[in-house]
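Structure file model_0.cif (mmCIF, C-alpha atoms and all ligand atoms) is printed below.
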```cif
data_data
loop_
_atom_site.group_PDB
_atom_site.id
_atom_site.type_symbol
_atom_site.label_atom_id
_atom_site.label_comp_id
_atom_site.auth_asym_id
_atom_site.auth_seq_id
_atom_site.Cartn_x
_atom_site.Cartn_y
_atom_site.Cartn_z
ATOM 1 C CA MET A 2 -30.863 -175.211 -64.913
ATOM 2 C CA PRO A 3 -33.243 -176.191 -67.746
ATOM 3 C CA HIS A 4 -36.873 -175.874 -66.826
ATOM 4 C CA SER A 5 -40.204 -176.944 -68.231
ATOM 5 C CA HIS A 6 -42.745 -175.341 -65.892
ATOM 6 C CA PHE A 7 -44.325 -172.168 -67.080
ATOM 7 C CA ALA A 8 -47.792 -170.649 -66.856
ATOM 8 C CA ILE A 9 -49.933 -169.253 -69.683
ATOM 9 C CA HIS A 10 -52.101 -166.169 -69.072
ATOM 10 C CA PRO A 11 -54.311 -165.085 -72.022
ATOM 11 C CA VAL A 12 -54.255 -161.295 -72.512
ATOM 12 C CA SER A 13 -57.252 -160.675 -74.800
ATOM 13 C CA PRO A 14 -60.377 -162.456 -76.091
ATOM 14 C CA THR A 15 -58.956 -162.889 -79.611
ATOM 15 C CA LEU A 16 -55.240 -163.620 -79.209
ATOM 16 C CA GLY A 17 -52.135 -163.293 -77.071
ATOM 17 C CA ALA A 18 -50.838 -164.873 -73.856
ATOM 18 C CA GLU A 19 -48.235 -163.856 -71.351
ATOM 19 C CA ILE A 20 -45.871 -166.660 -70.326
ATOM 20 C CA SER A 21 -44.553 -166.532 -66.779
ATOM 21 C CA GLY A 22 -42.104 -168.716 -64.877
ATOM 22 C CA ILE A 23 -39.448 -169.067 -67.548
ATOM 23 C CA ASP A 24 -35.953 -167.566 -67.867
ATOM 24 C CA LEU A 25 -35.068 -167.751 -71.546
ATOM 25 C CA SER A 26 -31.396 -166.975 -70.924
ATOM 26 C CA GLN A 27 -31.166 -170.560 -69.591
ATOM 27 C CA PRO A 28 -31.230 -173.672 -71.808
ATOM 28 C CA LEU A 29 -34.745 -174.648 -72.875
ATOM 29 C CA ASP A 30 -35.430 -178.372 -72.609
ATOM 30 C CA PRO A 31 -37.240 -180.043 -75.537
ATOM 31 C CA ALA A 32 -40.469 -180.533 -73.564
ATOM 32 C CA ALA A 33 -40.616 -176.847 -72.654
ATOM 33 C CA ALA A 34 -39.817 -175.839 -76.233
ATOM 34 C CA ALA A 35 -42.611 -178.068 -77.541
ATOM 35 C CA GLY A 36 -44.963 -176.651 -74.911
ATOM 36 C CA LEU A 37 -44.176 -173.100 -75.985
ATOM 37 C CA ALA A 38 -44.672 -173.972 -79.663
ATOM 38 C CA GLY A 39 -48.084 -175.404 -78.729
ATOM 39 C CA ALA A 40 -48.916 -172.237 -76.795
ATOM 40 C CA LEU A 41 -47.932 -170.146 -79.833
ATOM 41 C CA ASP A 42 -50.244 -172.288 -82.009
ATOM 42 C CA ARG A 43 -53.150 -171.733 -79.630
ATOM 43 C CA HIS A 44 -52.619 -168.095 -78.654
ATOM 44 C CA LEU A 45 -50.827 -166.739 -81.775
ATOM 45 C CA VAL A 46 -48.816 -164.188 -79.741
ATOM 46 C CA LEU A 47 -46.621 -164.953 -76.712
ATOM 47 C CA VAL A 48 -45.199 -162.307 -74.367
ATOM 48 C CA PHE A 49 -42.240 -163.019 -72.075
ATOM 49 C CA ARG A 50 -41.481 -160.191 -69.632
ATOM 50 C CA GLY A 51 -38.277 -159.339 -67.849
ATOM 51 C CA GLN A 52 -35.830 -161.347 -69.973
ATOM 52 C CA THR A 53 -32.107 -160.655 -70.333
ATOM 53 C CA LEU A 54 -31.090 -162.019 -73.715
ATOM 54 C CA SER A 55 -27.944 -161.691 -75.812
ATOM 55 C CA ASP A 56 -28.223 -162.006 -79.597
ATOM 56 C CA ALA A 57 -26.925 -165.556 -79.209
ATOM 57 C CA ASP A 58 -29.760 -166.265 -76.719
ATOM 58 C CA LEU A 59 -32.333 -164.765 -79.080
ATOM 59 C CA VAL A 60 -31.065 -166.960 -81.921
ATOM 60 C CA ARG A 61 -30.961 -170.045 -79.662
ATOM 61 C CA VAL A 62 -34.465 -169.543 -78.241
ATOM 62 C CA SER A 63 -35.981 -168.746 -81.661
ATOM 63 C CA GLY A 64 -34.141 -171.727 -83.138
ATOM 64 C CA HIS A 65 -36.190 -174.098 -80.939
ATOM 65 C CA PHE A 66 -39.261 -173.041 -82.950
ATOM 66 C CA GLY A 67 -37.685 -173.730 -86.351
ATOM 67 C CA PRO A 68 -34.852 -172.723 -88.719
ATOM 68 C CA LEU A 69 -34.199 -168.977 -88.954
ATOM 69 C CA ASP A 70 -34.248 -166.827 -92.088
ATOM 70 C CA LYS A 71 -31.645 -164.140 -92.655
ATOM 71 C CA ALA A 72 -32.660 -160.547 -91.893
ATOM 72 C CA PRO A 73 -34.523 -159.005 -94.863
ATOM 73 C CA VAL A 74 -33.176 -156.100 -96.925
ATOM 74 C CA THR A 75 -34.284 -152.770 -95.407
ATOM 75 C CA GLU A 76 -34.722 -149.288 -96.833
ATOM 76 C CA HIS A 77 -31.074 -148.735 -95.835
ATOM 77 C CA GLY A 78 -29.727 -151.960 -97.325
ATOM 78 C CA ARG A 79 -28.948 -155.142 -95.443
ATOM 79 C CA LEU A 80 -28.763 -154.376 -91.739
ATOM 80 C CA HIS A 81 -28.345 -156.981 -89.059
ATOM 81 C CA ALA A 82 -26.900 -157.199 -85.578
ATOM 82 C CA PRO A 83 -23.091 -157.420 -85.676
ATOM 83 C CA GLY A 84 -22.093 -161.076 -86.040
ATOM 84 C CA PHE A 85 -25.691 -162.341 -86.460
ATOM 85 C CA GLU A 86 -27.052 -162.330 -90.025
ATOM 86 C CA GLU A 87 -30.385 -163.685 -88.780
ATOM 87 C CA VAL A 88 -30.935 -160.837 -86.299
ATOM 88 C CA TYR A 89 -32.822 -157.932 -87.876
ATOM 89 C CA VAL A 90 -32.484 -154.551 -86.176
ATOM 90 C CA ILE A 91 -35.596 -152.361 -85.872
ATOM 91 C CA SER A 92 -34.595 -148.934 -84.628
ATOM 92 C CA ASN A 93 -34.717 -145.190 -85.151
ATOM 93 C CA VAL A 94 -31.176 -144.827 -83.734
ATOM 94 C CA THR A 95 -28.405 -143.489 -85.940
ATOM 95 C CA GLU A 96 -24.693 -143.986 -85.310
ATOM 96 C CA ASN A 97 -22.163 -141.787 -87.121
ATOM 97 C CA GLY A 98 -25.046 -140.441 -89.212
ATOM 98 C CA ARG A 99 -26.128 -143.913 -90.356
ATOM 99 C CA PRO A 100 -29.338 -145.710 -89.316
ATOM 100 C CA ILE A 101 -28.577 -148.893 -87.367
ATOM 101 C CA GLY A 102 -31.980 -150.436 -88.160
ATOM 102 C CA ALA A 103 -35.233 -150.322 -90.093
ATOM 103 C CA LEU A 104 -38.620 -148.609 -89.740
ATOM 104 C CA GLY A 105 -37.512 -145.328 -88.133
ATOM 105 C CA ALA A 106 -39.888 -143.725 -85.623
ATOM 106 C CA GLY A 107 -42.989 -143.509 -87.795
ATOM 107 C CA GLU A 108 -46.167 -145.506 -87.760
ATOM 108 C CA SER A 109 -46.036 -148.959 -89.272
ATOM 109 C CA VAL A 110 -49.513 -149.840 -90.530
ATOM 110 C CA TRP A 111 -51.150 -153.269 -90.172
ATOM 111 C CA HIS A 112 -49.122 -155.963 -91.929
ATOM 112 C CA ALA A 113 -47.664 -159.445 -91.754
ATOM 113 C CA ASP A 114 -43.928 -159.919 -92.278
ATOM 114 C CA MET A 115 -42.377 -160.794 -95.625
ATOM 115 C CA THR A 116 -45.536 -162.149 -97.242
ATOM 116 C CA TYR A 117 -43.985 -161.151 -100.587
ATOM 117 C CA LEU A 118 -42.069 -164.457 -100.252
ATOM 118 C CA GLU A 119 -43.505 -167.740 -101.599
ATOM 119 C CA THR A 120 -43.202 -169.113 -98.072
ATOM 120 C CA PRO A 121 -43.478 -166.218 -95.608
ATOM 121 C CA PRO A 122 -41.906 -166.719 -92.175
ATOM 122 C CA TYR A 123 -43.924 -168.887 -89.809
ATOM 123 C CA ALA A 124 -43.158 -166.706 -86.803
ATOM 124 C CA SER A 125 -41.185 -163.678 -85.658
ATOM 125 C CA SER A 126 -39.574 -162.895 -82.282
ATOM 126 C CA LEU A 127 -39.043 -159.281 -81.247
ATOM 127 C CA TYR A 128 -36.890 -158.422 -78.246
ATOM 128 C CA ALA A 129 -36.836 -154.937 -76.677
ATOM 129 C CA LEU A 130 -33.392 -153.490 -75.840
ATOM 130 C CA GLU A 131 -34.422 -149.818 -75.582
ATOM 131 C CA VAL A 132 -37.946 -148.406 -75.585
ATOM 132 C CA PRO A 133 -39.342 -144.860 -75.758
ATOM 133 C CA ALA A 134 -41.189 -143.360 -72.783
ATOM 134 C CA GLU A 135 -44.247 -142.830 -74.973
ATOM 135 C CA GLY A 136 -45.568 -144.433 -78.169
ATOM 136 C CA GLY A 137 -44.088 -147.352 -80.073
ATOM 137 C CA ASP A 138 -46.715 -149.864 -78.862
ATOM 138 C CA THR A 139 -47.183 -152.893 -81.115
ATOM 139 C CA GLY A 140 -50.693 -154.105 -81.937
ATOM 140 C CA PHE A 141 -51.691 -157.616 -83.004
ATOM 141 C CA LEU A 142 -54.765 -158.895 -84.842
ATOM 142 C CA SER A 143 -56.001 -162.465 -85.287
ATOM 143 C CA MET A 144 -56.723 -163.098 -88.955
ATOM 144 C CA PHE A 145 -59.173 -165.845 -87.929
ATOM 145 C CA ALA A 146 -61.133 -163.214 -85.981
ATOM 146 C CA ALA A 147 -60.785 -160.810 -88.918
ATOM 147 C CA TYR A 148 -62.230 -163.391 -91.312
ATOM 148 C CA ASP A 149 -65.037 -164.258 -88.909
ATOM 149 C CA ALA A 150 -65.923 -160.561 -88.613
ATOM 150 C CA LEU A 151 -66.519 -160.149 -92.356
ATOM 151 C CA PRO A 152 -70.156 -159.800 -93.411
ATOM 152 C CA ALA A 153 -71.359 -163.029 -95.084
ATOM 153 C CA ALA A 154 -71.579 -161.394 -98.513
ATOM 154 C CA LEU A 155 -67.974 -160.227 -98.294
ATOM 155 C CA LYS A 156 -66.839 -163.710 -97.219
ATOM 156 C CA ARG A 157 -68.496 -165.107 -100.327
ATOM 157 C CA ARG A 158 -66.787 -162.528 -102.566
ATOM 158 C CA ALA A 159 -63.387 -163.225 -100.998
ATOM 159 C CA GLU A 160 -63.687 -167.001 -101.361
ATOM 160 C CA GLY A 161 -61.539 -168.385 -104.197
ATOM 161 C CA LEU A 162 -59.761 -165.096 -104.921
ATOM 162 C CA SER A 163 -56.014 -164.621 -104.744
ATOM 163 C CA ILE A 164 -54.004 -161.584 -103.740
ATOM 164 C CA LYS A 165 -50.637 -160.285 -104.872
ATOM 165 C CA HIS A 166 -48.320 -159.214 -102.051
ATOM 166 C CA ASP A 167 -46.111 -156.305 -103.084
ATOM 167 C CA SER A 168 -42.355 -156.747 -102.774
ATOM 168 C CA THR A 169 -41.254 -153.178 -103.525
ATOM 169 C CA THR A 170 -41.830 -151.588 -100.108
ATOM 170 C CA ASN A 171 -41.371 -152.699 -96.510
ATOM 171 C CA SER A 172 -43.792 -152.480 -93.618
ATOM 172 C CA GLY A 173 -42.791 -148.893 -92.880
ATOM 173 C CA GLY A 174 -43.896 -147.987 -96.413
ATOM 174 C CA TYR A 175 -40.265 -147.424 -97.429
ATOM 175 C CA LEU A 176 -38.990 -148.573 -100.812
ATOM 176 C CA ARG A 177 -36.758 -151.628 -100.325
ATOM 177 C CA GLN A 178 -33.273 -151.193 -101.755
ATOM 178 C CA GLY A 179 -33.056 -152.338 -105.362
ATOM 179 C CA PHE A 180 -36.766 -151.783 -106.122
ATOM 180 C CA ALA A 181 -38.565 -149.030 -108.078
ATOM 181 C CA PRO A 182 -41.968 -147.642 -106.988
ATOM 182 C CA PRO A 183 -44.744 -149.780 -108.529
ATOM 183 C CA ALA A 184 -46.235 -148.075 -111.606
ATOM 184 C CA ASP A 185 -49.047 -150.524 -112.476
ATOM 185 C CA LEU A 186 -50.379 -152.763 -109.681
ATOM 186 C CA ALA A 187 -51.441 -155.402 -112.201
ATOM 187 C CA THR A 188 -47.832 -155.994 -113.298
ATOM 188 C CA SER A 189 -45.665 -154.778 -110.394
ATOM 189 C CA PRO A 190 -43.416 -157.280 -108.566
ATOM 190 C CA GLY A 191 -44.908 -159.448 -105.853
ATOM 191 C CA THR A 192 -46.067 -162.918 -104.900
ATOM 192 C CA VAL A 193 -49.586 -164.268 -105.333
ATOM 193 C CA HIS A 194 -51.232 -166.096 -102.414
ATOM 194 C CA PRO A 195 -54.820 -167.212 -101.719
ATOM 195 C CA LEU A 196 -56.852 -164.425 -100.065
ATOM 196 C CA VAL A 197 -58.521 -166.885 -97.683
ATOM 197 C CA ILE A 198 -56.402 -169.611 -96.108
ATOM 198 C CA THR A 199 -57.458 -172.581 -93.991
ATOM 199 C CA HIS A 200 -55.752 -173.883 -90.852
ATOM 200 C CA PRO A 201 -54.744 -177.472 -91.686
ATOM 201 C CA ALA A 202 -55.597 -178.865 -88.232
ATOM 202 C CA THR A 203 -58.730 -176.942 -87.194
ATOM 203 C CA GLY A 204 -60.224 -176.041 -90.587
ATOM 204 C CA ALA A 205 -60.638 -172.433 -89.402
ATOM 205 C CA LYS A 206 -60.434 -169.822 -92.144
ATOM 206 C CA ALA A 207 -58.259 -166.720 -92.040
ATOM 207 C CA LEU A 208 -57.597 -163.744 -94.298
ATOM 208 C CA LEU A 209 -54.087 -163.466 -95.756
ATOM 209 C CA LEU A 210 -53.796 -159.729 -96.398
ATOM 210 C CA GLY A 211 -50.075 -159.007 -95.941
ATOM 211 C CA ARG A 212 -50.109 -155.242 -96.409
ATOM 212 C CA ARG A 213 -52.606 -152.864 -97.945
ATOM 213 C CA PRO A 214 -50.296 -150.611 -100.048
ATOM 214 C CA HIS A 215 -49.790 -151.921 -103.605
ATOM 215 C CA ALA A 216 -51.798 -155.102 -102.990
ATOM 216 C CA TYR A 217 -53.747 -156.390 -105.996
ATOM 217 C CA ILE A 218 -56.369 -159.063 -106.688
ATOM 218 C CA PRO A 219 -55.383 -160.766 -109.982
ATOM 219 C CA GLY A 220 -58.192 -160.935 -112.534
ATOM 220 C CA LEU A 221 -59.834 -157.680 -111.430
ATOM 221 C CA ALA A 222 -59.446 -154.206 -112.920
ATOM 222 C CA VAL A 223 -57.105 -152.245 -110.652
ATOM 223 C CA ALA A 224 -59.942 -149.914 -109.549
ATOM 224 C CA ASP A 225 -62.187 -152.889 -108.654
ATOM 225 C CA SER A 226 -59.348 -154.588 -106.807
ATOM 226 C CA GLU A 227 -58.704 -151.391 -104.835
ATOM 227 C CA ALA A 228 -62.393 -151.056 -103.920
ATOM 228 C CA LEU A 229 -62.763 -154.682 -102.818
ATOM 229 C CA LEU A 230 -59.521 -154.607 -100.824
ATOM 230 C CA ASP A 231 -60.577 -151.376 -99.110
ATOM 231 C CA GLU A 232 -63.868 -152.994 -98.145
ATOM 232 C CA ILE A 233 -62.205 -156.158 -96.818
ATOM 233 C CA TRP A 234 -59.556 -154.208 -94.895
ATOM 234 C CA ALA A 235 -62.130 -151.902 -93.303
ATOM 235 C CA ALA A 236 -64.141 -154.908 -92.113
ATOM 236 C CA ALA A 237 -61.047 -156.826 -90.950
ATOM 237 C CA ILE A 238 -59.069 -154.311 -88.910
ATOM 238 C CA ARG A 239 -61.668 -153.597 -86.261
ATOM 239 C CA PRO A 240 -60.169 -152.143 -83.059
ATOM 240 C CA GLU A 241 -62.112 -154.585 -80.869
ATOM 241 C CA LEU A 242 -60.347 -157.522 -82.558
ATOM 242 C CA ALA A 243 -56.860 -156.191 -81.797
ATOM 243 C CA TRP A 244 -54.599 -156.278 -78.759
ATOM 244 C CA HIS A 245 -51.728 -153.809 -78.184
ATOM 245 C CA HIS A 246 -48.497 -154.489 -76.360
ATOM 246 C CA ARG A 247 -46.914 -151.702 -74.305
ATOM 247 C CA TRP A 248 -43.183 -152.460 -74.315
ATOM 248 C CA ARG A 249 -40.726 -152.620 -71.454
ATOM 249 C CA VAL A 250 -37.030 -153.308 -71.846
ATOM 250 C CA GLY A 251 -36.502 -157.074 -71.629
ATOM 251 C CA ASP A 252 -39.806 -158.056 -73.259
ATOM 252 C CA LEU A 253 -39.677 -160.802 -75.862
ATOM 253 C CA VAL A 254 -42.792 -161.021 -78.015
ATOM 254 C CA MET A 255 -43.300 -163.859 -80.504
ATOM 255 C CA TRP A 256 -46.102 -163.979 -83.040
ATOM 256 C CA ASP A 257 -47.359 -166.546 -85.497
ATOM 257 C CA ASN A 258 -46.931 -164.601 -88.720
ATOM 258 C CA ARG A 259 -49.284 -166.822 -90.743
ATOM 259 C CA TRP A 260 -52.482 -166.113 -88.832
ATOM 260 C CA THR A 261 -51.899 -162.592 -87.478
ATOM 261 C CA MET A 262 -51.084 -159.067 -88.552
ATOM 262 C CA HIS A 263 -49.315 -156.426 -86.485
ATOM 263 C CA ARG A 264 -48.775 -152.680 -86.509
ATOM 264 C CA ARG A 265 -46.727 -150.141 -84.577
ATOM 265 C CA ASP A 266 -47.590 -146.725 -83.198
ATOM 266 C CA PRO A 267 -45.229 -143.857 -84.017
ATOM 267 C CA PHE A 268 -43.081 -142.431 -81.227
ATOM 268 C CA PRO A 269 -41.002 -139.248 -80.705
ATOM 269 C CA ASP A 270 -37.892 -139.477 -82.864
ATOM 270 C CA ASP A 271 -35.759 -137.848 -80.154
ATOM 271 C CA GLN A 272 -36.317 -140.966 -78.025
ATOM 272 C CA ARG A 273 -34.452 -144.197 -78.679
ATOM 273 C CA ARG A 274 -36.170 -147.460 -79.575
ATOM 274 C CA ARG A 275 -34.011 -150.473 -80.343
ATOM 275 C CA MET A 276 -35.393 -153.964 -80.999
ATOM 276 C CA HIS A 277 -33.764 -157.153 -82.264
ATOM 277 C CA ARG A 278 -35.860 -159.555 -84.307
ATOM 278 C CA THR A 279 -35.512 -163.054 -85.671
ATOM 279 C CA GLN A 280 -37.725 -164.559 -88.354
ATOM 280 C CA ILE A 281 -38.496 -168.283 -88.096
ATOM 281 C CA ALA A 282 -38.928 -169.925 -91.495
ATOM 282 C CA VAL A 283 -41.183 -172.903 -90.718
ATOM 283 C CA PRO A 284 -42.238 -174.722 -87.534
ATOM 284 C CA ALA A 285 -39.614 -177.047 -86.067
ATOM 285 C CA ASP A 286 -41.854 -180.110 -86.484
ATOM 286 C CA ALA A 287 -42.351 -179.376 -90.205
ATOM 287 C CA TRP A 288 -38.606 -178.967 -90.544
ATOM 288 C CA ASN A 289 -37.883 -182.257 -88.729
ATOM 289 C CA ARG A 290 -40.289 -184.041 -91.042
ATOM 290 C CA SER A 291 -38.726 -182.626 -94.214
ATOM 291 C CA ALA A 292 -35.180 -183.220 -92.918
ATOM 292 C CA ALA A 293 -35.950 -186.870 -92.066
HETATM 293 C C1 LIG A 301 -41.585 -156.268 -87.028
HETATM 294 C C2 LIG A 301 -42.366 -155.069 -86.823
HETATM 295 C C3 LIG A 301 -42.984 -153.539 -85.132
HETATM 296 C C4 LIG A 301 -42.343 -152.928 -83.948
HETATM 297 O O1 LIG A 301 -40.712 -156.550 -86.207
HETATM 298 O O2 LIG A 301 -41.830 -156.970 -88.002
HETATM 299 O O3 LIG A 301 -43.221 -154.760 -87.596
HETATM 300 O O4 LIG A 301 -43.049 -152.756 -82.972
HETATM 301 N N1 LIG A 301 -42.084 -154.404 -85.720
HETATM 302 O O5 LIG A 301 -41.157 -152.610 -84.020
HETATM 303 MN MN MN A 302 -43.467 -156.385 -89.093
#
```
Can you give me the file's structure in the form of structure tokens?
Amino acid sequence: MPHSHFAIHPVSPTLGAEISGIDLSQPLDPAAAAGLAGALDRHLVLVFRGQTLSDADLVRVSGHFGPLDKAPVTEHGRLHAPGFEEVYVISNVTENGRPIGALGAGESVWHADMTYLETPPYASSLYALEVPAEGGDTGFLSMFAAYDALPAALKRRAEGLSIKHDSTTNSGGYLRQGFAPPADLATSPGTVHPLVITHPATGAKALLLGRRPHAYIPGLAVADSEALLDEIWAAAIRPELAWHHRWRVGDLVMWDNRWTMHRRDPFPDDQRRRMHRTQIAVPADAWNRSAA
């Protein structure tokens, strides 16, 4: 039966809320979907525990939030769940000697997803099918909190600058298929975005950092860009601003990819971790407006 009653429990001072009282394997009525999208706007990360979702469910639930992008190209080529081009597989598991997913078992450092695109995904959903007994936690950071935490002088230096987001490597630091390692950061492939972005409804400012490796601030000498980015990153990724999710099988975690970054702890490679992800292009209300 469709349902629209759920409860929202914030999990940290800066971001994140656990949603209880909802079974996402059942149809989601429009009011509930709108309520969840509002909760994602407010809390930036939503956690749903104890779900039992097929790939079709994951696509259906994510689709309430907006149109889905196809899975990106990984270090092993284009991998997606069988039959679902929009379901990206994140796993260290190999089958017949071939990796079934991206990112392996190593650490994935702080990043936002696919910011090397002109329009990076609005949100991502990550669903846990198999989790290791230790490690593999995923951390989240509010980029509003990160901006607020910058010393005033650094805020002033960041204002008005842009930043090039590298498209040669993925969030595991692996070279994406079809790309060469960047030789000169000033000319290597990527997409330029503003370094400081403003929430259209609240006016709050956030940093748009994407990923640290191979990032570049156009107009600066590479060495100056490196120094300024190091300073901004060090001030932004303060442990007290972050919240870390310890996974259980059946957890679905959604994050607003515009105003957050995330990272993943490494885990023992002899343990299996298998996650299915969708990437939501733009919010459903933006899509309805442009489709009208
Ligand atoms: C992602 C990602 C981290 C994880 O899905 O974009 O970075 O915990 N995943 O697997
Ligand atoms: Mn990611």
Within 7 Å of range 52-66 of chain A using only C-alpha atoms, minus same-chain residues under 3 positions, as a list in words
Asp24, Leu25, Ser26, Ala34, Ala38, Phe49, Leu69, Ser126, Gly251, Asp252, Thr279, Ile281, Pro284 and Ala285 of chain A
Ligand MN 302 (chain A): which residues are within 9 Å, counting all atoms listed in the file, as a ChimeraX atom specification?
/A:109,111-115,125,171-173,258,262-265
Write out as number ranges by chain the residues lying within 10 Å of range 94-103 of chain A, counting all atoms listed in the file and excluding same-chain residues fewer than 2 positions away.
A: 73-82, 89-92, 105-106, 171-173, 175, 270-277
Would you export the selected residues with C-alpha atoms as an mmCIF file, in the coordinates of the input, please?
```
data_model
loop_
_atom_site.group_PDB
_atom_site.id
_atom_site.type_symbol
_atom_site.label_atom_id
_atom_site.label_comp_id
_atom_site.auth_asym_id
_atom_site.auth_seq_id
_atom_site.Cartn_x
_atom_site.Cartn_y
_atom_site.Cartn_z
ATOM 1 C CA PRO A 73 -34.523 -159.005 -94.863
ATOM 2 C CA VAL A 74 -33.176 -156.100 -96.925
ATOM 3 C CA THR A 75 -34.284 -152.770 -95.407
ATOM 4 C CA GLU A 76 -34.722 -149.288 -96.833
ATOM 5 C CA HIS A 77 -31.074 -148.735 -95.835
ATOM 6 C CA GLY A 78 -29.727 -151.960 -97.325
ATOM 7 C CA ARG A 79 -28.948 -155.142 -95.443
ATOM 8 C CA LEU A 80 -28.763 -154.376 -91.739
ATOM 9 C CA HIS A 81 -28.345 -156.981 -89.059
ATOM 10 C CA ALA A 82 -26.900 -157.199 -85.578
ATOM 11 C CA TYR A 89 -32.822 -157.932 -87.876
ATOM 12 C CA VAL A 90 -32.484 -154.551 -86.176
ATOM 13 C CA ILE A 91 -35.596 -152.361 -85.872
ATOM 14 C CA SER A 92 -34.595 -148.934 -84.628
ATOM 15 C CA GLY A 105 -37.512 -145.328 -88.133
ATOM 16 C CA ALA A 106 -39.888 -143.725 -85.623
ATOM 17 C CA ASN A 171 -41.371 -152.699 -96.510
ATOM 18 C CA SER A 172 -43.792 -152.480 -93.618
ATOM 19 C CA GLY A 173 -42.791 -148.893 -92.880
ATOM 20 C CA TYR A 175 -40.265 -147.424 -97.429
ATOM 21 C CA ASP A 270 -37.892 -139.477 -82.864
ATOM 22 C CA ASP A 271 -35.759 -137.848 -80.154
ATOM 23 C CA GLN A 272 -36.317 -140.966 -78.025
ATOM 24 C CA ARG A 273 -34.452 -144.197 -78.679
ATOM 25 C CA ARG A 274 -36.170 -147.460 -79.575
ATOM 26 C CA ARG A 275 -34.011 -150.473 -80.343
ATOM 27 C CA MET A 276 -35.393 -153.964 -80.999
ATOM 28 C CA HIS A 277 -33.764 -157.153 -82.264
#
```
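Nearest to Ala40 in chain A of all the residues A:Leu155, A:Met255, A:Ala222, A:Leu208 is A:Met255, counting all atoms listed in the file.
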Evaluating the PyMOL selection byres (((chain A and resi 45) around 10) and not hetatm) on the displayed file yields which residues, as a list in words?
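The output of the PyMOL selection byres (((chain A and resi 45) around 10) and not hetatm) on this file is Thr15, Leu16, Gly17, Ala18, Ala38, Gly39, Ala40, Leu41, Asp42, Arg43, His44, Val46, Leu47, Ala124, Phe141, Leu142, Ser143, Met144, Met255, Trp256, Asp257, Asn258, Arg259, Trp260 and Thr261 of chain A.
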How many Å lie between CA of Phe7 in chain A and CA of Ile23 in chain A, rounded to one decimal?
5.8 Å
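Taking CA of Asp266 in chain A and CA of Lys71 in chain A as endpoints, the distance between them is 25.4 Å.
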Neighbours of His215 in chain A within 8 Å (all atoms listed in the file; same-chain residues fewer than 6 positions away dropped), as a PyMOL selection string?
chain A and resi 166-167+183+186
Applied to the shown file, which residues does the PyMOL selection byres (((chain A and resi 197) around 7) and not hetatm) return, written as an NGL selection string?
:A and (159-160 or 195-196 or 198-199 or 206-209)
Padding 3 Å on each side, edges along x, y and z: where is the centre of the box around the listed atoms of ligand LIG 301 (chain A), and how long are its edges in Å to one decimal? Output it as lines of an AutoDock Vina configuration file.
```
center_x = -42.0
center_y = -154.8
center_z = -85.5
size_x = 8.5
size_y = 10.4
size_z = 11.0
```
Which residue gives the smallest distance to ligand LIG 301 (chain A) among A:Asp30, A:Glu108, A:Glu87, A:Glu19, with only C-alpha atoms and all ligand atoms counted?
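Ranked by minimum distance to ligand LIG 301 (chain A), first place goes to A:Glu108.
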Expansion of the PyMOL selection byres (((chain A and resi 246) around 9) and not hetatm) into residues, as a list of chain:residue names
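Selected by the PyMOL selection byres (((chain A and resi 246) around 9) and not hetatm) in this file: A:Val48, A:Asp138, A:Thr139, A:Gly140, A:Phe141, A:Trp244, A:His245, A:Arg247, A:Trp248, A:Val254.
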For ligand LIG 301 (chain A), the nearest of the candidates A:Pro31, A:Gly204, A:Pro11, A:Pro267, counting only C-alpha atoms and all ligand atoms:
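Answer, going by the shortest atom-to-atom distance: A:Pro267.
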Using only C-alpha atoms, collect all residues at a distance of at most 12 Å from (-64.0, -154.8, -94.2) as written in the file, then present them as a PyMOL selection string.
chain A and resi 147-156+158-159+208+210+228-239
So which one's closest to ligand LIG 301 (chain A), A:Ser163, A:Thr116, A:Ser13, A:Ser21? Using all atoms listed in the file, please.
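Nearest to ligand LIG 301 (chain A): A:Thr116.
As for CA of Ala181 in chain A and CA of Glu119 in chain A, they are spaced 20.4 Å apart.
Across A:Ile164, A:Glu86, A:Pro219, A:Gly136, the tightest approach to ligand LIG 301 (chain A) is made by A:Gly136 when counting all atoms listed in the file.
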Measuring between all atoms listed in the file, which one of A:Asn93, A:Ser226, A:Thr169, A:Thr192 shows the shortest distance to ligand LIG 301 (chain A)?
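Among the listed residues, A:Asn93 lies closest to ligand LIG 301 (chain A).
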